[in-house]
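Before any comments, here is the structure.
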Amino acid sequence: MHFTSETSSDGVIERTFILDGITGVLWSPASGTTGAPLLLSGHAGGMHKKAPGLLAGALHCVTTYGFTVAAVDAPGHGDRPRNQQDQRWAEAIHAALAADEPIAPIVVEYNRSLAERAVPEWQAALDALQALPEIGAETPIGFGGMTLGVVTGLLLAAADSRIAALSLGGVFVDDALIEAARKVTVPVEYRIPWDDENMDRDSGVALFDAIASKEKTLHAHPGRYNQVPEYERDSSARFFARHLGGVAETVSY
């Protein structure tokens, strides 16, 4: 892992990094993070590691709860080049939107491909992050995300026992994602956007029902998937604090 920049503002240190072509960012409290939980944040499809909603959530978790938060660009997103197949998927989505046609079948296929490639990248990034002295191998780890981040989070939690909790919301659901959800047993907080014309409510409920976790909570909020209320952002942070540990003792503001 090679850190390429470091800035500090309002008690938060932001460091960008590159790991074998994977571009990412790490946010941590300026006062120290020893013993603090690590949150992995998966961005939505078409977005990037410092998308506004992701950034707001990361800063809230750092400044309010003392967490460390990491995000990486998915394949073909942010600072990473898009391959020809990904470009065709993206063009098909734009064409469907322009023609007022359903985008779900295209997005499902695209997200699945991206997530399958992103999972080993997240595992490599996690290996490198745990090697940092301020994080360490024993740090409790959670994963949060929406749309593409939901698919990635479910696949990652099913494949890697280091993921101890998931906070997810808003995704196009298919049978393959239902099957992936059946392999997830860690605590989950799941949000359904109640008024998103592209995301079927019943499918969201079916996905929640398929999650095999003994502890899981379903939230529904008005609006579309990207119109998450501020109180839901804090609910997610409190969910992680409950399952991963509270504010690190070394953090002060």
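Order determines the names: the first chain of the structure tokens is A, the second B, and so forth; residues in each chain are numbered 1 upward, and ligands are numbered 1 upward as they are shown.
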
Name all residues at most 12 Å from A:Leu59 (count only C-alpha atoms; drop same-chain ones fewer than 2 positions away) and give them as a VMD selection string. chain A and resid 8 to 14 26 to 30 39 41 50 52 to 57 61 to 70 233 to 234 237

Store the residues of this selection in a file with C-alpha atoms, as a PDB file, in the first residue's frame.
ATOM      1  CA  SER A   8      -5.969  17.135   7.849  1.00  0.00           C
ATOM      2  CA  SER A   9      -9.119  19.161   8.539  1.00  0.00           C
ATOM      3  CA  ASP A  10     -11.558  19.474  11.443  1.00  0.00           C
ATOM      4  CA  GLY A  11      -9.961  16.638  13.383  1.00  0.00           C
ATOM      5  CA  VAL A  12      -9.904  14.183  10.475  1.00  0.00           C
ATOM      6  CA  ILE A  13      -6.830  12.906   8.630  1.00  0.00           C
ATOM      7  CA  GLU A  14      -7.486  11.887   5.019  1.00  0.00           C
ATOM      8  CA  LEU A  26      -8.505   6.234   4.491  1.00  0.00           C
ATOM      9  CA  TRP A  27     -10.091   8.622   7.012  1.00  0.00           C
ATOM     10  CA  SER A  28      -9.058   8.563  10.674  1.00  0.00           C
ATOM     11  CA  PRO A  29      -9.247  10.784  13.769  1.00  0.00           C
ATOM     12  CA  ALA A  30      -6.290  13.158  14.046  1.00  0.00           C
ATOM     13  CA  LEU A  39     -15.458   0.560   8.551  1.00  0.00           C
ATOM     14  CA  SER A  41     -17.504   1.853   2.733  1.00  0.00           C
ATOM     15  CA  LYS A  50     -15.273  10.134  -2.266  1.00  0.00           C
ATOM     16  CA  PRO A  52     -20.741  13.120  -1.404  1.00  0.00           C
ATOM     17  CA  GLY A  53     -23.000  10.746   0.541  1.00  0.00           C
ATOM     18  CA  LEU A  54     -20.182   8.311   1.264  1.00  0.00           C
ATOM     19  CA  LEU A  55     -17.896  11.141   2.365  1.00  0.00           C
ATOM     20  CA  ALA A  56     -20.540  12.613   4.675  1.00  0.00           C
ATOM     21  CA  GLY A  57     -21.111   9.246   6.307  1.00  0.00           C
ATOM     22  CA  CYS A  61     -18.337   8.049  11.774  1.00  0.00           C
ATOM     23  CA  VAL A  62     -14.841   9.451  12.328  1.00  0.00           C
ATOM     24  CA  THR A  63     -15.770  12.630  14.176  1.00  0.00           C
ATOM     25  CA  THR A  64     -18.702  11.299  16.222  1.00  0.00           C
ATOM     26  CA  TYR A  65     -17.664   7.724  16.937  1.00  0.00           C
ATOM     27  CA  GLY A  66     -13.898   7.714  16.491  1.00  0.00           C
ATOM     28  CA  PHE A  67     -13.939   5.042  13.772  1.00  0.00           C
ATOM     29  CA  THR A  68     -11.450   4.642  10.957  1.00  0.00           C
ATOM     30  CA  VAL A  69     -13.133   4.465   7.527  1.00  0.00           C
ATOM     31  CA  ALA A  70     -11.729   3.158   4.236  1.00  0.00           C
ATOM     32  CA  ARG A 233     -26.880   7.830   8.540  1.00  0.00           C
ATOM     33  CA  ASP A 234     -26.531   8.178  12.296  1.00  0.00           C
ATOM     34  CA  ALA A 237     -23.093   4.583  12.719  1.00  0.00           C
TER      35      ALA A 237
END

Among stretch 23-207 of chain A, which residues carry a DSSP assignment of strand (DSSP E), reported as an MDAnalysis selection string? chainID A and resid 23:29 38:42 68:72 141:146 163:169 188:193

Pull C-alpha atoms from the residues just selected and write them as a CSV table (one decimal), in the first residue's frame.
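New file part_28.csv:
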chain,number,residue,atom,x,y,z
A,23,THR,CA,-7.2,3.5,-5.6
A,24,GLY,CA,-8.6,4.2,-2.2
A,25,VAL,CA,-8.8,6.6,0.7
A,26,LEU,CA,-8.5,6.2,4.5
A,27,TRP,CA,-10.1,8.6,7.0
A,28,SER,CA,-9.1,8.6,10.7
A,29,PRO,CA,-9.2,10.8,13.8
A,38,LEU,CA,-12.6,-0.1,10.9
A,39,LEU,CA,-15.5,0.6,8.6
A,40,LEU,CA,-15.2,-0.3,4.9
A,41,SER,CA,-17.5,1.9,2.7
A,42,GLY,CA,-18.7,0.6,-0.7
A,68,THR,CA,-11.4,4.6,11.0
A,69,VAL,CA,-13.1,4.5,7.5
A,70,ALA,CA,-11.7,3.2,4.2
A,71,ALA,CA,-13.2,3.3,0.7
A,72,VAL,CA,-11.9,2.1,-2.6
A,141,ILE,CA,-14.5,-4.6,10.9
A,142,GLY,CA,-17.8,-3.5,9.4
A,143,PHE,CA,-19.0,-2.9,5.8
A,144,GLY,CA,-21.5,-0.3,4.6
A,145,GLY,CA,-22.9,0.5,1.2
A,146,MET,CA,-25.8,1.0,-1.2
A,163,ILE,CA,-16.5,-8.8,8.3
A,164,ALA,CA,-18.5,-8.6,11.6
A,165,ALA,CA,-21.5,-6.4,10.7
A,166,LEU,CA,-23.2,-4.9,7.6
A,167,SER,CA,-25.3,-1.8,7.1
A,168,LEU,CA,-26.7,-1.8,3.6
A,169,GLY,CA,-29.6,-0.2,1.6
A,188,VAL,CA,-27.3,-6.6,9.4
A,189,GLU,CA,-29.1,-3.3,9.2
A,190,TYR,CA,-30.9,-3.1,5.9
A,191,ARG,CA,-32.7,0.0,4.4
A,192,ILE,CA,-35.4,0.0,1.7
A,193,PRO,CA,-36.1,3.2,-0.3

Nearest residue to A:Gly153 out of A:Asn226, A:Pro187, A:Ala115, A:Trp194, using only C-alpha atoms?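 Among A:Asn226, A:Pro187, A:Ala115, A:Trp194, it is A:Ala115 that comes nearest to A:Gly153.
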
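Using only C-alpha atoms, the shortest contact distance between A:Asp195 and any of A:Pro222, A:Glu134, A:Lys214, A:Asp209 is found at A:Pro222.
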
Each stretch 24-55 of chain A residue no farther than 9 Å from stretch 75-89 of chain A, nearest pair in Å, only C-alpha atoms, as a tab-separated table:
residue	atom	partner	partner_atom	distance
A:Gly45	CA	A:His77	CA	8.2
A:Gly46	CA	A:His77	CA	6.7
A:Met47	CA	A:His77	CA	6.7
A:His48	CA	A:Gly78	CA	4.6
A:Lys49	CA	A:Gly78	CA	6.8
A:Lys50	CA	A:Gly78	CA	8.5

Selection: 8 Å around A:Ala212, only C-alpha atoms, excl. self and same-chain fewer than 5 positions, as a PyMOL selection string: chain A and resi 181-185

Write out, as a PDB file, in the first residue's frame, the residues just selected, with N, CA and C atoms.
ATOM      1  N   ALA A 181     -27.376 -13.705   0.014  1.00  0.00           N
ATOM      2  CA  ALA A 181     -27.879 -13.261   1.317  1.00  0.00           C
ATOM      3  C   ALA A 181     -28.056 -14.425   2.274  1.00  0.00           C
ATOM      4  N   ARG A 182     -28.384 -15.582   1.766  1.00  0.00           N
ATOM      5  CA  ARG A 182     -28.593 -16.767   2.616  1.00  0.00           C
ATOM      6  C   ARG A 182     -27.299 -17.253   3.266  1.00  0.00           C
ATOM      7  N   LYS A 183     -26.169 -16.765   2.792  1.00  0.00           N
ATOM      8  CA  LYS A 183     -24.870 -17.162   3.356  1.00  0.00           C
ATOM      9  C   LYS A 183     -24.364 -16.165   4.396  1.00  0.00           C
ATOM     10  N   VAL A 184     -25.098 -15.080   4.592  1.00  0.00           N
ATOM     11  CA  VAL A 184     -24.666 -14.026   5.513  1.00  0.00           C
ATOM     12  C   VAL A 184     -25.269 -14.272   6.895  1.00  0.00           C
ATOM     13  N   THR A 185     -24.409 -14.320   7.913  1.00  0.00           N
ATOM     14  CA  THR A 185     -24.871 -14.608   9.275  1.00  0.00           C
ATOM     15  C   THR A 185     -24.500 -13.517  10.285  1.00  0.00           C
TER      16      THR A 185
END
